[in-house]
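Next up, protein.cif (mmCIF, C-alpha atoms):
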data_structure
#
loop_
_atom_site.label_atom_id
_atom_site.label_comp_id
_atom_site.auth_asym_id
_atom_site.auth_seq_id
_atom_site.Cartn_x
_atom_site.Cartn_y
_atom_site.Cartn_z
CA MET A 14 0.00 0.00 0.00
CA GLU A 15 1.31 3.41 -0.95
CA PRO A 16 1.93 5.59 2.13
CA ILE A 17 0.05 8.90 2.21
CA LYS A 18 0.66 12.09 4.14
CA ALA A 19 -2.16 12.82 6.55
CA VAL A 20 -2.78 15.27 9.38
CA ASP A 21 -5.31 15.42 12.21
CA ILE A 22 -7.46 18.50 12.73
CA LYS A 23 -8.90 18.83 16.21
CA ILE A 24 -12.04 20.85 16.90
CA PHE A 25 -12.43 21.69 20.56
CA PRO A 26 -15.65 23.61 21.34
CA TYR A 27 -15.90 25.25 24.78
CA ARG A 28 -19.25 23.56 25.37
CA ARG A 29 -20.37 19.97 24.84
CA LEU A 30 -22.34 19.85 21.61
CA LYS A 31 -25.98 18.90 21.23
CA PRO A 32 -26.67 16.06 18.76
CA ALA A 33 -28.45 18.53 16.45
CA THR A 34 -25.40 20.81 16.32
CA THR A 35 -23.07 17.86 15.80
CA GLU A 36 -25.22 16.60 12.94
CA LYS A 37 -25.31 20.02 11.34
CA ILE A 38 -21.60 20.75 11.44
CA LEU A 39 -20.57 17.21 10.49
CA ASN A 40 -22.83 17.24 7.47
CA GLU A 41 -21.18 20.44 6.29
CA ILE A 42 -17.65 19.32 7.14
CA ILE A 43 -18.04 16.01 5.35
CA LYS A 44 -18.63 17.84 2.08
CA LEU A 45 -15.13 19.35 2.25
CA GLU A 46 -12.34 17.81 0.24
CA GLY A 47 -9.59 15.56 1.55
CA ILE A 48 -11.30 13.92 4.54
CA LEU A 49 -10.04 10.45 5.40
CA ARG A 50 -11.90 9.80 8.64
CA VAL A 51 -13.74 11.51 11.50
CA LEU A 52 -13.48 10.67 15.19
CA LEU A 53 -16.02 11.88 17.74
CA ASN A 54 -14.78 11.99 21.32
CA GLY A 55 -16.64 12.75 24.50
CA GLU A 56 -17.98 11.50 27.78
CA SER A 57 -19.81 8.24 27.24
CA LEU A 58 -23.53 8.07 27.89
CA PRO A 59 -24.75 4.85 29.51
CA GLN A 60 -27.93 3.17 28.28
CA ILE A 61 -28.76 1.77 31.70
CA VAL A 62 -27.99 3.00 35.21
CA GLY A 63 -24.85 1.20 36.40
CA TYR A 64 -24.75 1.97 40.09
CA GLY A 65 -27.00 2.54 43.09
CA PRO A 66 -30.58 1.61 43.91
CA ALA A 67 -31.74 2.40 40.36
CA LYS A 68 -29.25 -0.06 38.80
CA GLY A 69 -30.66 -1.52 35.59
CA THR A 70 -33.14 1.30 34.89
CA ARG A 71 -33.02 2.75 31.37
CA VAL A 72 -31.40 6.19 31.19
CA ASN A 73 -32.91 7.59 27.95
CA HIS A 74 -30.39 10.40 27.74
CA GLU A 75 -31.41 13.12 25.28
CA ASP A 76 -27.87 13.39 23.91
CA ARG A 77 -27.78 9.71 22.95
CA LYS A 78 -29.53 10.27 19.67
CA VAL A 79 -29.38 8.91 16.16
CA ILE A 80 -27.89 11.44 13.76
CA GLN A 81 -27.88 11.26 9.98
CA LEU A 82 -24.69 11.60 7.97
CA LYS A 83 -24.68 11.07 4.21
CA ASN A 84 -27.99 9.17 4.59
CA HIS A 85 -26.47 6.81 7.15
CA ASP A 86 -27.85 6.56 10.67
CA PHE A 87 -25.40 6.82 13.56
CA GLU A 88 -26.24 6.43 17.18
CA LEU A 89 -24.15 8.80 19.29
CA SER A 90 -22.87 6.98 22.36
CA VAL A 91 -21.05 10.03 23.72
CA THR A 92 -21.84 13.65 24.40
CA VAL A 93 -19.62 15.22 21.76
CA GLY A 94 -16.77 17.25 23.25
CA GLU A 95 -14.09 16.91 20.60
CA ILE A 96 -14.02 16.15 16.89
CA ILE A 97 -10.84 14.89 15.28
CA ILE A 98 -10.74 14.81 11.49
CA THR A 99 -7.89 13.15 9.64
CA ILE A 100 -7.32 14.81 6.27
CA LEU A 101 -4.85 14.67 3.45
CA HIS A 102 -1.90 16.87 4.30
CA GLU A 103 -1.97 18.75 1.00
CA LYS A 104 -5.56 19.89 1.61
CA GLN A 105 -4.86 21.27 5.09
CA GLU A 106 -4.80 24.96 4.26
CA THR A 107 -8.03 25.13 2.27
CA PHE A 108 -9.73 22.75 4.67
CA LEU A 109 -8.90 24.88 7.72
CA LYS A 110 -10.20 28.04 6.08
CA LYS A 111 -13.54 26.48 5.21
CA LEU A 112 -13.76 24.75 8.58
CA GLU A 113 -13.42 28.02 10.49
CA ASP A 114 -16.35 29.41 8.50
CA ILE A 115 -18.54 26.38 9.16
CA LEU A 116 -17.81 26.45 12.88
CA GLY A 117 -18.21 30.21 13.15
CA ASN A 118 -21.64 30.03 11.54
CA ASN A 119 -22.95 27.05 13.47
CA LEU A 120 -21.48 27.04 16.95
CA SER A 121 -22.97 29.20 19.68
CA CYS A 122 -19.84 28.93 21.82
CA ASN A 123 -16.13 29.62 21.38
CA PHE A 124 -13.91 26.90 19.97
CA GLU A 125 -10.33 26.01 19.22
CA VAL A 126 -9.06 24.39 16.05
CA SER A 127 -5.61 22.85 15.94
CA ALA A 128 -3.66 20.72 13.50
CA GLY A 129 -1.22 17.98 14.45
CA ILE A 130 -1.19 14.32 15.42
CA PHE A 131 -3.99 13.58 17.86
CA THR A 132 -4.48 9.88 17.21
CA LYS A 133 -2.27 6.85 17.68
CA THR A 134 -0.05 6.08 14.70
CA LYS A 135 1.45 2.68 15.56
CA ILE A 136 -0.25 -0.65 16.14
CA THR A 137 -0.01 -2.23 19.58
CA VAL A 138 -0.98 -5.76 20.64
CA SER A 139 -4.29 -4.70 22.15
CA ASP A 140 -5.36 -3.16 18.83
CA TYR A 141 -5.68 -6.65 17.41
CA LEU A 142 -8.18 -7.51 20.14
CA LYS A 143 -10.10 -4.27 19.85
CA ILE A 144 -10.32 -4.36 16.09
CA ASP A 145 -11.44 -7.95 16.46
CA ARG A 146 -10.09 -9.46 13.27
CA GLY A 147 -7.75 -12.02 14.74
CA ILE A 148 -4.03 -11.61 15.19
CA GLU A 149 -3.08 -13.20 11.86
CA GLN A 150 -4.73 -10.66 9.66
CA GLU A 151 -3.27 -7.28 8.81
CA ILE A 152 -4.91 -4.28 10.40
CA GLU A 153 -6.38 -1.75 8.05
CA PRO A 154 -4.13 1.32 8.47
CA THR A 155 -7.10 3.68 8.57
CA TYR A 156 -8.29 1.94 11.76
CA ILE A 157 -5.16 2.75 13.75
CA GLY A 158 -6.00 5.33 16.39
CA LEU A 159 -9.73 5.08 15.83
CA VAL A 160 -10.45 2.32 18.29
CA ASP A 161 -11.98 2.95 21.66
CA PRO A 162 -10.09 1.10 24.41
CA GLY A 163 -13.37 0.21 26.11
CA SER A 164 -15.20 -1.39 23.25
CA LYS A 165 -14.86 -3.39 20.08
CA SER A 166 -14.51 -1.46 16.86
CA LYS A 167 -17.44 -3.32 15.32
CA GLU A 168 -19.72 -1.23 17.51
CA THR A 169 -17.90 2.09 17.32
CA VAL A 170 -16.38 2.36 13.85
CA ARG A 171 -18.51 2.81 10.75
CA LEU A 172 -17.38 2.98 7.15
CA ILE A 173 -19.41 5.24 4.89
CA GLY A 174 -16.84 5.97 2.22
CA ASP A 175 -17.77 6.86 -1.30
CA MET B 15 -12.03 32.28 76.60
CA SER B 16 -14.28 33.87 74.07
CA TYR B 17 -13.37 34.64 70.50
CA LYS B 18 -15.09 35.66 67.31
CA ALA B 19 -15.21 33.02 64.63
CA GLN B 20 -13.47 34.10 61.44
CA TYR B 21 -14.85 31.25 59.29
CA SER B 22 -12.59 31.60 56.28
CA PRO B 23 -9.54 33.73 55.36
CA GLY B 24 -9.27 36.22 52.51
CA ASN B 25 -10.18 39.72 51.37
CA THR B 26 -11.83 38.96 48.04
CA LYS B 27 -15.45 38.54 47.09
CA ILE B 28 -14.95 34.78 46.96
CA ALA B 29 -13.73 34.73 50.56
CA GLU B 30 -16.62 36.95 51.59
CA ASN B 31 -19.10 34.56 49.94
CA ARG B 32 -17.51 31.63 51.75
CA ARG B 33 -17.84 33.44 55.08
CA ASN B 34 -21.47 34.26 54.34
CA HIS B 35 -22.22 30.62 53.68
CA MET B 36 -20.58 29.50 56.90
CA ASP B 37 -21.80 32.23 59.21
CA PRO B 38 -24.98 30.91 60.91
CA ASP B 39 -26.06 34.51 61.62
CA TYR B 40 -26.04 35.40 57.94
CA GLU B 41 -29.40 34.72 56.38
CA LEU B 42 -29.06 32.88 53.07
CA LYS B 43 -31.11 34.55 50.39
CA LYS B 44 -34.11 32.48 49.36
CA ILE B 45 -34.42 32.54 45.58
CA ARG B 46 -36.88 29.81 44.68
CA GLU B 47 -39.81 27.94 46.11
CA ILE B 48 -39.89 24.14 46.07
CA ALA B 49 -42.76 22.23 47.62
CA ASP B 50 -41.96 19.86 50.52
CA GLU B 51 -43.47 17.02 48.54
CA ASP B 52 -41.17 17.70 45.59
CA ILE B 53 -38.11 17.57 47.84
CA VAL B 54 -39.29 14.18 49.14
CA LYS B 55 -39.68 12.98 45.55
CA ILE B 56 -36.19 14.07 44.51
CA LEU B 57 -34.62 12.55 47.62
CA GLY B 58 -36.33 9.24 46.82
CA HIS B 59 -36.06 7.80 50.34
CA ARG B 60 -39.81 7.56 50.92
CA ASN B 61 -42.98 8.17 48.92
CA PRO B 62 -44.71 11.50 49.53
CA GLY B 63 -47.33 11.06 52.27
CA GLU B 64 -45.72 7.87 53.54
CA GLY B 65 -44.65 7.76 57.20
CA TYR B 66 -41.00 7.78 58.26
CA LYS B 67 -39.44 4.36 58.74
CA THR B 68 -37.76 3.95 62.11
CA VAL B 69 -34.72 2.07 63.34
CA HIS B 70 -35.50 2.32 67.05
CA PRO B 71 -38.47 3.23 69.26
CA PRO B 72 -38.94 6.91 70.18
CA LEU B 73 -36.35 8.01 72.74
CA GLU B 74 -39.12 8.75 75.27
CA GLU B 75 -40.04 5.08 75.36
CA MET B 76 -36.52 3.79 75.70
CA ASP B 77 -34.85 2.98 78.97
CA PHE B 78 -31.89 5.29 79.30
CA GLU B 79 -31.98 5.88 83.04
CA LEU B 80 -28.24 5.50 83.50
CA ASP B 81 -27.21 7.31 80.32
CA MET B 82 -25.76 10.72 81.08
CA MET B 83 -25.89 11.75 77.43
CA LYS B 84 -29.64 11.99 77.70
CA GLU B 85 -29.24 15.01 79.96
CA MET B 86 -26.27 16.52 78.19
CA VAL B 87 -27.37 16.45 74.53
CA GLU B 88 -30.68 17.58 73.24
CA PRO B 89 -31.74 15.07 70.56
CA LEU B 90 -32.72 16.12 67.06
CA PRO B 91 -36.43 15.82 66.23
CA GLY B 92 -35.61 12.94 63.89
CA ALA B 93 -33.55 11.14 66.52
CA MET B 94 -36.33 11.66 69.06
CA GLN B 95 -38.69 9.73 66.76
CA GLY B 96 -36.14 7.07 65.89
CA ASN B 97 -35.92 7.92 62.16
CA ARG B 98 -33.50 6.26 59.81
CA THR B 99 -30.37 8.15 58.74
CA ARG B 100 -30.65 9.16 55.07
CA TYR B 101 -28.66 11.38 52.74
CA ILE B 102 -28.63 14.06 50.08
CA GLN B 103 -25.60 14.50 47.85
CA PHE B 104 -24.64 17.44 45.66
CA ALA B 105 -22.22 17.76 42.76
CA ASP B 106 -21.07 21.30 41.94
CA SER B 107 -19.63 22.34 38.61
CA MET B 108 -16.31 24.15 38.65
CA TYR B 109 -17.85 26.65 36.23
CA ASN B 110 -18.69 29.03 39.08
CA ALA B 111 -21.19 26.93 41.00
CA PRO B 112 -22.37 28.84 44.10
CA ALA B 113 -20.97 26.25 46.49
CA GLN B 114 -18.30 23.55 46.31
CA PRO B 115 -17.54 20.49 48.43
CA TYR B 116 -15.20 22.06 51.03
CA ASP B 117 -17.38 25.12 51.37
CA ARG B 118 -20.41 22.88 51.77
CA ALA B 119 -18.71 20.75 54.44
CA ARG B 120 -17.84 23.78 56.56
CA THR B 121 -21.22 25.37 55.95
CA TYR B 122 -23.04 22.24 57.05
CA MET B 123 -20.95 21.94 60.20
CA TRP B 124 -21.53 25.58 61.15
CA ARG B 125 -25.21 25.72 60.33
CA PHE B 126 -26.75 22.34 61.11
CA ARG B 127 -26.70 20.14 64.22
CA GLY B 128 -26.17 16.40 64.12
CA VAL B 129 -24.94 16.11 60.54
CA ASP B 130 -22.38 13.71 59.18
CA THR B 131 -20.88 15.09 56.02
CA GLY B 132 -18.39 13.58 53.62
CA THR B 133 -16.22 15.57 51.24
CA LEU B 134 -15.00 14.23 47.93
CA SER B 135 -13.44 16.05 45.01
CA GLY B 136 -16.64 16.36 43.03
CA ARG B 137 -19.45 15.69 45.45
CA GLN B 138 -20.56 16.36 48.97
CA VAL B 139 -22.84 14.08 50.93
CA ILE B 140 -24.77 15.00 54.04
CA GLU B 141 -26.22 12.31 56.30
CA ILE B 142 -28.72 12.97 59.03
CA ARG B 143 -32.03 11.66 60.39
CA GLU B 144 -34.65 11.64 57.62
CA LEU B 145 -37.01 14.18 59.20
CA ASP B 146 -34.20 16.70 59.61
CA LEU B 147 -32.74 15.85 56.22
CA GLU B 148 -35.86 17.02 54.44
CA LYS B 149 -35.77 20.37 56.24
CA ILE B 150 -32.08 20.83 55.48
CA SER B 151 -32.55 19.78 51.84
CA LYS B 152 -35.19 22.46 51.46
CA THR B 153 -32.79 25.12 52.74
CA LEU B 154 -30.00 23.83 50.51
CA THR B 155 -32.08 23.85 47.32
CA GLU B 156 -34.19 26.96 47.84
CA THR B 157 -31.42 29.37 48.76
CA GLU B 158 -28.48 30.92 46.94
CA LEU B 159 -26.40 27.81 47.71
CA PHE B 160 -28.05 26.11 44.76
CA ASP B 161 -28.22 26.75 41.04
CA PRO B 162 -30.21 24.20 39.03
CA ALA B 163 -27.76 24.28 36.08
CA LYS B 164 -24.41 24.24 37.87
CA CYS B 165 -25.35 22.09 40.90
CA GLY B 166 -26.83 18.63 40.74
CA ILE B 167 -28.61 16.52 43.34
CA ARG B 168 -26.95 13.20 42.68
CA GLY B 169 -27.00 10.13 44.89
CA ALA B 170 -25.09 7.89 42.47
CA THR B 171 -23.18 8.42 39.19
CA VAL B 172 -22.11 11.93 40.13
CA HIS B 173 -19.46 12.45 37.43
CA GLY B 174 -19.61 15.83 35.71
CA HIS B 175 -18.25 18.61 37.96
CA SER B 176 -15.05 19.03 35.96
CA LEU B 177 -16.51 18.66 32.47
CA ARG B 178 -17.45 21.39 30.05
CA LEU B 179 -21.05 22.55 30.28
CA ASP B 180 -23.47 21.68 27.52
CA GLU B 181 -24.80 24.23 25.02
CA ASN B 182 -27.58 25.23 27.39
CA GLY B 183 -25.12 25.74 30.25
CA LEU B 184 -25.98 22.56 32.14
CA MET B 185 -23.41 20.45 33.97
CA PHE B 186 -22.89 16.97 32.48
CA ASP B 187 -25.02 14.24 34.00
CA ALA B 188 -24.70 10.71 32.58
CA LEU B 189 -28.14 9.85 33.98
CA GLN B 190 -29.76 13.12 32.89
CA ARG B 191 -31.74 13.64 36.08
CA TYR B 192 -32.68 17.15 35.04
CA VAL B 193 -33.60 18.62 31.68
CA TYR B 194 -33.62 22.09 30.18
CA ASN B 195 -36.77 23.37 28.55
CA GLU B 196 -35.65 25.52 25.61
CA GLU B 197 -38.98 27.38 25.44
CA THR B 198 -39.47 28.29 29.09
CA LYS B 199 -35.69 28.29 29.82
CA GLU B 200 -36.46 26.43 33.03
CA ILE B 201 -34.83 23.34 34.44
CA SER B 202 -36.79 20.48 35.91
CA TYR B 203 -35.90 17.23 37.59
CA ILE B 204 -37.33 14.20 35.82
CA LYS B 205 -35.56 11.64 37.99
CA ASP B 206 -34.83 11.29 41.70
CA GLN B 207 -31.28 11.64 42.99
CA VAL B 208 -30.29 8.07 42.09
CA GLY B 209 -31.88 8.04 38.62
CA ARG B 210 -35.34 6.53 39.15
CA PRO B 211 -37.86 8.31 36.91
CA LEU B 212 -40.36 10.59 38.68
CA ASP B 213 -44.10 10.48 37.91
CA GLU B 214 -44.16 14.23 37.34
CA PRO B 215 -41.24 16.58 36.67
CA VAL B 216 -40.20 18.88 39.50
CA ASN B 217 -39.60 22.42 38.29
CA MET B 218 -36.51 24.10 39.75
CA GLY B 219 -36.91 27.36 37.88
CA GLU B 220 -34.47 29.23 35.69
CA ALA B 221 -30.72 28.90 35.93
CA LEU B 222 -28.86 31.85 37.44
CA ASP B 223 -27.07 33.93 34.86
CA ASP B 224 -23.32 33.59 34.46
CA GLU B 225 -22.44 37.08 35.62
CA HIS B 226 -24.46 36.74 38.80
CA LEU B 227 -22.85 33.36 39.44
CA SER B 228 -19.37 34.84 39.12
CA ASN B 229 -20.37 37.24 41.91
CA ILE B 230 -21.80 34.67 44.30
CA THR B 231 -19.44 31.76 43.67
CA THR B 232 -17.07 30.38 46.30
CA ILE B 233 -14.63 29.02 43.73
CA TYR B 234 -11.38 30.80 42.91
CA ARG B 235 -10.83 30.72 39.16
CA SER B 236 -8.20 32.44 37.05
CA ASP B 237 -10.93 33.72 34.69
CA ASN B 238 -12.88 35.22 37.61
CA ILE B 239 -10.96 35.95 40.80
CA SER B 240 -7.76 34.00 41.13
CA MET B 241 -6.49 32.74 44.46
CA ARG B 242 -3.26 34.56 43.62
CA ASP B 243 -5.21 37.80 44.03
CA ASP B 244 -5.99 36.93 47.63
CA PRO B 245 -2.74 37.06 49.65
CA GLU B 246 -4.42 36.33 52.99
CA ALA B 247 -6.19 33.17 51.75
CA ARG B 248 -2.98 32.07 50.08
CA GLU B 249 -0.96 32.63 53.22
CA VAL B 250 -3.30 30.48 55.30
CA VAL B 251 -3.26 27.66 52.78
CA GLU B 252 0.53 27.83 52.55
CA THR B 253 0.87 27.80 56.34
CA ILE B 254 -1.39 24.77 56.62
CA HIS B 255 0.51 23.06 53.82
CA SER B 256 3.94 23.62 55.37
CA SER B 257 2.76 22.75 58.89
CA ARG B 258 1.22 19.54 57.66
CA THR B 259 4.34 18.63 55.74
CA ASP B 260 6.65 19.36 58.68
CA GLY B 261 4.29 17.78 61.17
CA GLY B 262 3.63 14.80 58.99
CA PHE B 263 7.28 13.96 58.56
CA GLY B 264 8.14 14.96 62.13
CA LEU B 265 10.74 17.44 60.85
CA GLU B 266 11.85 19.70 63.70
CA VAL B 267 8.42 19.49 65.28
CA PHE B 268 8.98 16.38 67.36
CA LYS B 269 12.74 16.61 67.66
CA ASP B 270 12.83 17.52 71.36
CA ASP B 271 10.09 15.08 72.11
CA LEU B 272 12.00 12.29 70.39
CA LYS B 273 15.24 13.14 72.16
CA ARG B 274 13.48 12.94 75.49
CA LYS B 275 12.04 9.54 74.59
CA ILE B 276 15.39 8.03 73.67
CA GLY B 277 16.89 9.45 76.83
CA GLU B 278 19.13 12.18 75.43
#
Could you quickly redo this structure as structure tokens?
Amino acid sequence: MEPIKAVDIKIFPYRRLKPATTEKILNEIIKLEGILRVLLNGESLPQIVGYGPAKGTRVNHEDRKVIQLKNHDFELSVTVGEIIITILHEKQETFLKKLEDILGNNLSCNFEVSAGIFTKTKITVSDYLKIDRGIEQEIEPTYIGLVDPGSKSKETVRLIGD
Amino acid sequence: MSYKAQYSPGNTKIAENRRNHMDPDYELKKIREIADEDIVKILGHRNPGEGYKTVHPPLEEMDFELDMMKEMVEPLPGAMQGNRTRYIQFADSMYNAPAQPYDRARTYMWRFRGVDTGTLSGRQVIEIRELDLEKISKTLTETELFDPAKCGIRGATVHGHSLRLDENGLMFDALQRYVYNEETKEISYIKDQVGRPLDEPVNMGEALDDEHLSNITTIYRSDNISMRDDPEAREVVETIHSSRTDGGFGLEVFKDDLKRKIGE
């Protein structure tokens, strides 16, 4: 496989985003050129109460909603606090300019945008378990750094490429 | 010896707010009205209208003839009836919540009798007889000690005090015990403090605005009033820190004492 030059762009809003805002900005961002993958980070939202006398009760958190991206349904399992977008390095300048506009128009709070390496770049042993493809098979390079240590990638990673 | 309690050091507004919270003679400003029944619902220890469960017979009926404590300590109304000990727990956002765990601990000890309070980094629990707990909970939620957006009544799964607020200015709650109504701009509890759904939401009113909160908060923050701007408060904290370090390691402090013990 031919190596490519890629860079991570981190969007850090000063407030946790509502699912509606996330959906809106992601749908605009995804139209931009050069995107390889998008990672949504945030505090996880449980489906059932884990502790105390109400253990086992359903939570029904309003932020755990299904959003639509490119006609695909995604269930948010976190309250979005950080968006990391990996893009082709050569597109960085134009991407950042357009991104600032999108965020400025859609976010009601302040935000920071930075470029750098914000995801893991090398494979470790536990990645094989998390990605759940067996240790013999090669790991898809685009998966490196996307996996959530607490869950299997089958549940948290979705491919919607063109 | 008589002395005047100083409550908390410092010359800034933050220190002043802390002193006001702790001073039992200062009357906390009441800013909202919550029905007794609603407090009972949020606490979730008993159903509204249900009697208090007891762990022992009323003190009057118990045989304490030889117990001197009976004469020395006046029992709380809840203890007199033999109520169970129950709790209320608060989590306070570091985004200028009116109170915070250490301030709450000291406030509780100064203002209320017979409380057992526990301080943790992000939450503060208060344990007392159920009858008295309900009265105290009313004071704690109706007065300026409480803001429905930046404080949460959380018995379990308290995480959220150090996280960013959401777009409506609410502190993170994994169990979403309270919701924001975007039309009325009011916040209401839809679950009790441990996350059991309530039959009817309990309205807590509007959130306090950010500027007002920065005036009534007891939290030093570099974007509001920094602790560095309060030399007196800093001096006290530094003195306690160095005394604890010296005392803890026995440096200098116990030297003479030690020498005496080993016979020098």
Enumerate as a list of chain:residue names the residues belonging to chain B that approach chain A to within 6 Å, with all atoms listed in the file taken into account.
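Close enough to count are B:Ala170, B:Arg178, B:Leu179, B:Asp180, B:Glu181, B:Ala188, B:Leu189, B:Gln190, B:Gly209, B:Arg210.
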Might you spell out which residues the PyMOL selection byres ((chain B and resi 53) around 10) would select in the displayed file, as a list of chain:residue names?
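When the PyMOL selection byres ((chain B and resi 53) around 10) is applied to the shown file, the picked residues are B:Ile48, B:Ala49, B:Asp50, B:Glu51, B:Asp52, B:Val54, B:Lys55, B:Ile56, B:Leu57, B:Gly58, B:Pro62, B:Glu148, B:Lys149, B:Ser151, B:Lys152, B:Thr155, B:Asp206, B:Val216.
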Decode the PyMOL selection byres ((chain A and resi 20) around 6) for the given file into explicit residues and return them as a compact mmCIF listing (two decimals) with C-alpha atoms, keeping the file's coordinate frame.
# COMPACT_ATOMS: atom_id res chain seq x y z
CA ALA A 19 -2.16 12.82 6.55
CA ASP A 21 -5.31 15.42 12.21
CA THR A 99 -7.89 13.15 9.64
CA ILE A 100 -7.32 14.81 6.27
CA HIS A 102 -1.90 16.87 4.30
CA GLY A 129 -1.22 17.98 14.45
Which neighbours of Glu125 of chain A fall inside 10 Å, counting only C-alpha atoms, when residues of the same chain fewer than 6 positions from it are skipped, and could you give them as a PDB file with C-alpha atoms, in the frame of the given file?
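around00.pdb was written with the following content:
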ATOM      1  CA  LYS A  23      -8.900  18.830  16.210  1.00  0.00           C
ATOM      2  CA  ILE A  24     -12.040  20.850  16.900  1.00  0.00           C
ATOM      3  CA  PHE A  25     -12.430  21.690  20.560  1.00  0.00           C
ATOM      4  CA  PRO A  26     -15.650  23.610  21.340  1.00  0.00           C
ATOM      5  CA  TYR A  27     -15.900  25.250  24.780  1.00  0.00           C
ATOM      6  CA  GLU A  95     -14.090  16.910  20.600  1.00  0.00           C
ATOM      7  CA  GLU A 113     -13.420  28.020  10.490  1.00  0.00           C
ATOM      8  CA  LEU A 116     -17.810  26.450  12.880  1.00  0.00           C
TER       9      LEU A 116
END
Please identify all polymer residues within 8 Å of Ser202 of chain B, counting all atoms listed in the file, omitting same-chain residues fewer than 6 positions from it, and present them as a list in words.
Tyr192, Val193, Tyr194, Asn195, Pro215, Val216, Asn217, Met218 and Gly219 of chain B
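Atom CA of Gly183 of chain B is positioned 29.3 Å from atom CA of Tyr40 of chain B.
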Atom-to-atom span, atom CA of Gly96 of chain B and atom CA of His70 of chain B, Å:
4.9 Å
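Computed from the coordinates, the atom CA of Glu196 of chain B to atom CA of Ala111 of chain B distance equals 21.2 Å.
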Spatial neighbours of Lys133 of chain A, max dist 8 Å, only C-alpha atoms, sep filter under 2 positions, as an MDAnalysis selection string
chainID A and resid 130:131 135:136 157:159
Select, counting all atoms listed in the file, all protein, DNA and RNA residues no farther than 12 Å from (-11.0, 28.8, 44.4) in file coordinates, and express the selection as a count of residues only.
35
Need the shell around Ile102 of chain B: protein/DNA/RNA residues with any atom at most 7 Å away, counting only C-alpha atoms. Skip same-chain ones fewer than 2 positions apart. Format as number ranges by chain?
B: 57, 104, 139-141, 169
Residue members of the PyMOL selection byres ((chain B and resi 167) around 7) in the file shown, as a count of residues only
8
Residue nearest Thr155 of chain A - candidates A:Glu168, A:Lys37, A:Ile17, A:Ile115, atoms counted: all atoms listed in the file:
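Closest to Thr155 of chain A of all the choices is A:Ile17.
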8 Å contact set for Glu158 of chain B, all atoms listed in the file, chain neighbours under 4 positions out, as a VMD selection string:
chain B and resid 42 to 45 112
